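J.: File follows, input.txt with compact mmCIF, C-alpha atoms:
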```txt
# COMPACT_ATOMS: atom_id res chain seq x y z
CA MET G 1 -84.03 51.54 38.76
CA ALA G 2 -83.72 54.05 41.58
CA THR G 3 -87.04 52.81 42.99
CA HIS G 4 -85.83 49.20 42.76
CA GLU G 5 -82.62 50.06 44.64
CA HIS G 6 -84.61 52.03 47.19
CA HIS G 7 -86.83 48.98 47.70
CA LYS G 8 -83.79 46.77 48.32
CA VAL G 9 -82.45 49.16 50.94
CA ARG G 10 -85.83 49.32 52.64
CA ARG G 11 -86.12 45.52 52.57
CA ALA G 12 -82.66 44.95 54.02
CA GLY G 13 -83.17 47.71 56.54
CA ARG G 14 -86.31 46.11 57.93
CA TRP G 15 -84.34 44.21 60.53
CA PHE G 16 -83.66 47.50 62.31
CA ASP G 17 -87.37 47.84 62.92
CA VAL G 18 -88.25 45.43 65.72
CA ARG G 19 -91.59 47.07 66.64
CA GLY G 20 -94.24 44.40 67.19
CA ARG G 21 -91.80 41.62 66.34
CA LYS G 22 -91.19 38.39 68.21
CA LEU G 23 -88.18 37.63 70.39
CA GLY G 24 -86.38 35.93 67.48
CA MET G 25 -86.40 39.16 65.48
CA TRP G 26 -85.04 41.05 68.46
CA ALA G 27 -82.26 38.48 68.71
CA PHE G 28 -81.54 38.82 64.99
CA ALA G 29 -81.46 42.62 65.09
CA LEU G 30 -79.32 42.70 68.26
CA ASN G 31 -76.87 40.26 66.72
CA ARG G 32 -76.45 42.34 63.57
CA ILE G 33 -76.26 45.74 65.25
CA ALA G 34 -73.59 44.38 67.63
CA ALA G 35 -71.79 42.80 64.64
CA ILE G 36 -71.63 46.09 62.72
CA GLY G 37 -70.40 47.88 65.84
CA LEU G 38 -67.69 45.27 66.38
CA VAL G 39 -66.44 45.47 62.78
CA VAL G 40 -66.16 49.26 63.12
CA TYR G 41 -64.37 48.79 66.44
CA LEU G 42 -61.95 46.24 64.91
CA TYR G 43 -60.63 48.84 62.47
CA LEU G 44 -60.60 51.63 65.07
CA HIS G 45 -58.59 49.27 67.29
CA LEU G 46 -56.07 48.61 64.52
CA VAL G 47 -55.70 52.37 63.94
CA VAL G 48 -55.11 52.95 67.67
CA LEU G 49 -52.60 50.09 67.80
CA SER G 50 -50.63 51.78 65.01
CA THR G 51 -49.40 54.25 67.64
CA LEU G 52 -47.33 51.34 69.03
CA SER G 53 -45.19 51.49 65.89
CA ARG G 54 -44.27 55.10 66.76
CA GLY G 55 -42.60 54.10 70.01
CA PRO G 56 -43.27 54.38 73.74
CA GLY G 57 -44.04 58.13 73.72
CA SER G 58 -47.09 57.81 71.48
CA TRP G 59 -48.42 54.62 73.04
CA ASP G 60 -47.97 55.63 76.68
CA ALA G 61 -49.75 58.94 75.98
CA PHE G 62 -52.69 56.92 74.66
CA VAL G 63 -52.54 54.65 77.73
CA SER G 64 -53.00 57.69 79.98
CA LEU G 65 -56.06 58.66 77.94
CA ALA G 66 -57.43 55.11 77.96
CA ARG G 67 -57.39 55.04 81.76
CA GLN G 68 -59.81 57.98 82.00
CA PRO G 69 -63.31 57.10 83.29
CA TYR G 70 -65.13 58.15 80.09
CA PHE G 71 -62.81 55.92 78.10
CA LEU G 72 -63.48 53.03 80.48
CA LEU G 73 -67.19 53.49 79.75
CA LEU G 74 -66.41 52.80 76.09
CA ASP G 75 -64.74 49.56 77.23
CA VAL G 76 -67.95 48.55 78.98
CA ILE G 77 -69.98 49.30 75.82
CA LEU G 78 -67.49 47.26 73.79
CA LEU G 79 -67.76 44.37 76.21
CA ALA G 80 -71.57 44.55 76.00
CA GLY G 81 -71.34 44.21 72.21
CA ILE G 82 -68.93 41.27 72.50
CA LEU G 83 -71.12 39.44 75.03
CA ILE G 84 -74.37 40.02 73.12
CA HIS G 85 -72.88 39.02 69.76
CA GLY G 86 -70.76 36.17 71.12
CA LEU G 87 -73.47 34.48 73.16
CA ASN G 88 -76.16 35.09 70.56
CA GLY G 89 -73.82 33.72 67.91
CA LEU G 90 -73.20 30.65 70.04
CA ARG G 91 -76.97 30.14 70.23
CA VAL G 92 -77.29 30.41 66.44
CA THR G 93 -74.45 27.90 65.99
CA LEU G 94 -76.13 25.46 68.37
CA MET G 95 -79.37 25.84 66.39
CA GLY G 96 -77.48 25.18 63.16
CA PHE G 97 -76.32 21.85 64.58
CA ASP G 98 -79.85 20.96 65.80
CA VAL G 99 -79.01 21.57 69.45
CA GLY G 100 -81.73 23.15 71.60
CA VAL G 101 -83.90 24.21 68.65
CA LYS G 102 -87.14 23.81 70.61
CA LYS G 103 -85.71 25.79 73.53
CA GLN G 104 -84.20 28.59 71.47
CA LYS G 105 -86.20 31.37 73.14
CA ALA G 106 -85.28 30.15 76.61
CA LEU G 107 -81.69 29.78 75.44
CA PHE G 108 -81.66 33.36 74.16
CA SER G 109 -83.04 34.65 77.47
CA ALA G 110 -80.55 32.56 79.46
CA PHE G 111 -77.59 33.74 77.35
CA MET G 112 -78.65 37.37 77.66
CA LEU G 113 -78.91 36.90 81.43
CA VAL G 114 -75.37 35.51 81.42
CA ALA G 115 -74.33 38.56 79.38
CA VAL G 116 -75.87 40.95 81.92
CA VAL G 117 -74.21 39.17 84.86
CA ALA G 118 -70.82 38.98 83.12
CA LEU G 119 -71.05 42.62 82.02
CA SER G 120 -71.93 43.77 85.54
CA ALA G 121 -68.98 41.84 86.99
CA ALA G 122 -66.65 43.22 84.31
CA ALA G 123 -67.89 46.80 84.84
CA LEU G 124 -67.19 46.47 88.57
CA LYS G 125 -63.70 45.19 87.76
CA ILE G 126 -63.07 47.93 85.16
CA PHE G 127 -64.21 50.82 87.36
CA GLY G 128 -63.07 49.23 90.61
CA GLY G 129 -59.49 48.82 89.36
CA MET D 130 -80.71 22.95 55.34
CA GLU D 131 -78.78 24.95 57.92
CA ASN D 132 -79.72 28.21 56.23
CA GLN D 133 -83.39 27.24 56.36
CA LEU D 134 -82.99 26.47 60.03
CA ILE D 135 -81.36 29.81 60.71
CA GLN D 136 -84.12 31.52 58.77
CA GLU D 137 -86.68 29.94 61.05
CA THR D 138 -84.84 30.40 64.33
CA MET D 139 -83.71 33.94 63.69
CA GLU D 140 -86.78 34.91 61.67
CA ASN D 141 -84.57 36.39 59.00
CA PRO D 142 -87.12 37.82 56.53
CA PHE D 143 -84.46 38.41 53.88
CA ALA D 144 -82.90 34.99 53.43
CA GLN D 145 -83.78 33.68 50.01
CA GLU D 146 -83.88 30.15 48.68
CA PRO D 147 -82.04 27.93 51.18
CA LYS D 148 -78.80 26.47 49.85
CA ALA D 149 -75.97 24.62 51.53
CA SER D 150 -73.24 27.11 52.39
CA SER D 151 -69.69 26.39 53.48
CA THR D 152 -69.42 30.06 54.49
CA TRP D 153 -71.99 29.44 57.23
CA TYR D 154 -69.80 26.67 58.69
CA TRP D 155 -66.73 28.92 58.51
CA GLN D 156 -68.68 31.71 60.20
CA ALA D 157 -69.75 29.33 62.99
CA PHE D 158 -66.28 27.77 63.34
CA THR D 159 -64.47 31.12 63.51
CA GLY D 160 -67.16 32.43 65.87
CA VAL D 161 -66.63 29.63 68.38
CA ALA D 162 -62.85 30.00 68.04
CA LEU D 163 -63.26 33.73 68.72
CA LEU D 164 -65.07 33.06 71.97
CA LEU D 165 -61.85 31.43 73.20
CA LEU D 166 -59.28 33.66 71.48
CA LEU D 167 -61.07 36.95 72.21
CA GLY D 168 -61.64 35.83 75.78
CA LEU D 169 -57.92 35.16 76.19
CA HIS D 170 -57.00 38.44 74.42
CA PHE D 171 -59.36 40.48 76.59
CA ILE D 172 -58.36 38.85 79.87
CA ALA D 173 -54.61 39.01 79.14
CA ASN D 174 -54.63 42.59 77.86
CA HIS D 175 -57.29 44.26 79.97
CA PHE D 176 -58.04 42.27 83.11
CA ILE D 177 -54.62 40.94 84.12
CA ALA D 178 -52.67 44.00 82.93
CA THR D 179 -52.06 46.64 85.57
CA GLY D 180 -54.45 49.56 85.13
CA GLY D 181 -56.46 47.66 82.51
CA ILE D 182 -54.02 48.29 79.66
CA ARG D 183 -50.35 47.47 79.07
CA ASP D 184 -47.72 50.19 78.74
CA PHE D 185 -45.28 50.06 75.81
CA ALA D 186 -42.55 47.97 77.49
CA ASP D 187 -45.18 45.54 78.75
CA VAL D 188 -46.71 45.15 75.26
CA VAL D 189 -43.30 44.40 73.75
CA SER D 190 -42.40 41.75 76.35
CA TYR D 191 -45.91 40.28 76.06
CA LEU D 192 -45.66 39.88 72.28
CA ARG D 193 -42.12 38.46 72.49
CA ASN D 194 -43.54 35.41 74.25
CA PRO D 195 -43.75 32.85 71.39
CA ILE D 196 -46.95 31.22 72.68
CA ILE D 197 -48.67 34.59 73.04
CA LEU D 198 -47.43 35.62 69.60
CA VAL D 199 -48.96 32.52 67.98
CA LEU D 200 -52.26 33.05 69.83
CA GLU D 201 -52.44 36.75 68.91
CA VAL D 202 -51.66 36.06 65.22
CA LEU D 203 -54.27 33.29 65.21
CA PHE D 204 -56.71 35.73 66.80
CA LEU D 205 -55.98 38.28 64.07
CA VAL D 206 -56.60 35.77 61.26
CA VAL D 207 -59.76 34.38 62.85
CA VAL D 208 -61.28 37.78 63.70
CA ALA D 209 -60.59 39.16 60.20
CA THR D 210 -62.16 36.05 58.60
CA HIS D 211 -65.22 36.21 60.86
CA ALA D 212 -65.67 39.95 60.25
CA MET D 213 -65.45 39.67 56.45
CA LEU D 214 -67.87 36.72 56.37
CA GLY D 215 -70.24 38.73 58.56
CA VAL D 216 -70.09 41.80 56.33
CA ARG D 217 -70.69 39.53 53.32
CA ALA D 218 -73.78 38.00 54.98
CA ILE D 219 -75.23 41.45 55.71
CA VAL D 220 -74.61 42.76 52.18
CA LEU D 221 -76.14 39.59 50.66
CA ASP D 222 -79.39 40.48 52.42
CA PHE D 223 -79.75 43.32 49.92
CA GLY D 224 -80.43 40.65 47.30
CA ILE D 225 -77.47 41.33 44.99
CA SER D 226 -76.82 39.51 41.72
CA ASP D 227 -74.52 36.48 41.39
CA HIS D 228 -71.94 38.64 39.64
CA ALA D 229 -72.06 41.26 42.40
CA GLU D 230 -71.81 38.49 45.01
CA LYS D 231 -68.67 37.15 43.36
CA ARG D 232 -67.14 40.63 43.17
CA LEU D 233 -68.10 41.29 46.80
CA SER D 234 -66.37 38.07 47.91
CA GLN D 235 -63.22 39.09 46.02
CA VAL D 236 -63.19 42.57 47.55
CA LEU D 237 -63.79 41.27 51.09
CA THR D 238 -61.09 38.60 50.65
CA LEU D 239 -58.66 41.35 49.63
CA ILE D 240 -59.66 43.53 52.61
CA GLY D 241 -59.25 40.54 54.93
CA ILE D 242 -55.79 39.75 53.55
CA LEU D 243 -54.74 43.41 53.85
CA THR D 244 -56.05 43.52 57.42
CA VAL D 245 -54.03 40.44 58.41
CA ALA D 246 -50.96 41.73 56.55
CA TYR D 247 -51.20 45.08 58.36
CA GLY D 248 -51.59 43.30 61.71
CA LEU D 249 -48.58 41.10 61.02
CA TRP D 250 -46.47 44.09 59.98
CA LEU D 251 -47.53 45.98 63.11
CA THR D 252 -46.69 43.02 65.34
CA TRP D 253 -43.29 42.68 63.67
CA ALA D 254 -42.65 46.43 64.10
CA ILE D 255 -43.58 46.31 67.79
CA ILE D 256 -41.40 43.29 68.57
CA HIS D 257 -38.41 44.79 66.75
```
Rewrite the structure of this file - the entire thing - as structure tokens.
T.:
Amino acid sequence: MATHEHHKVRRAGRWFDVRGRKLGMWAFALNRIAAIGLVVYLYLHLVVLSTLSRGPGSWDAFVSLARQPYFLLLDVILLAGILIHGLNGLRVTLMGFDVGVKKQKALFSAFMLVAVVALSAAALKIFGG
Amino acid sequence: MENQLIQETMENPFAQEPKASSTWYWQAFTGVALLLLLGLHFIANHFIATGGIRDFADVVSYLRNPIILVLEVLFLVVVATHAMLGVRAIVLDFGISDHAEKRLSQVLTLIGILTVAYGLWLTWAIIH
């Protein structure tokens, strides 16, 4: 039983291992890793927002912290996750409706290029004020 | 059919026998909606706001705008739905039984409802 369960975990964990895999597997792994990160962030975000219910003192103290450069770096990482997952998810949706199936690799590359450009612009905005 | 297609395009080595799934459509629909709602949320709260984040008074006046309130509540419902469907899809890759799948769906539905309820309570508390 323990071996069977161990096998299941190994099988489901295979998508973390992208060594020697094609671009599609990289896209799949990136999509899922970003998804897990975003779900964790969603609940962290809700916890942070709970300070709003304690009034201006609590929230404005957090705002001061959130404007620190190291915190802004976390914003850039968050935005990277959103762009990777959002654009990759859009590609998967298009595939699901038979749009651009034959060009899916080019579409993935193009969307990731858009993500890099958008992230660079956003990082300049975030750190540039 | 769509699951088979996704299996091919994403090279998902774990997807089992393809079967029509309304959850896939909901995942796609909420995902596209999120591109718009999250975009609006991010721009309004982090790019337009002075200093990249709103102070307390600014948050309260922002949420008291009825149009913003509707959009933020919609965002909350859509993001919670998308997140729970996503977690479900990942757990299903472990090849769980039908009974476990049913129980998982119930638990994730409950977590999603609690998440939305908490968000609504928090919004109400902030506005008042």
J.: Can you tell me how far atom CA of G:Met112 sits from atom CA of G:Asn88, in Å to one decimal?
T.: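 One can read the atom CA of G:Met112 to atom CA of G:Asn88 distance as 7.9 Å.
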J.: In Å, with one decimal, what is the gap from atom CA of G:His45 to atom CA of D:Gly248?
T.: 10.8 Å
J.: Please compute the atom CA of D:Gly180-atom CA of G:Phe71 distance, one decimal, in Å.
T.: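 Between atom CA of D:Gly180 and atom CA of G:Phe71 the gap works out to 12.6 Å.
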J.: Distance limit 9 Å, atoms considered: all atoms listed in the file. Which chain G residues sit that close to chain D? Return them as an MDAnalysis selection string.
T.: chainID G and resid 8:15 22:28 32 35:36 38:39 42:43 46 49:50 52:57 59:60 63 66:67 82 86:87 89:90 92:93 95:98 101 104:105 122 125:126 129
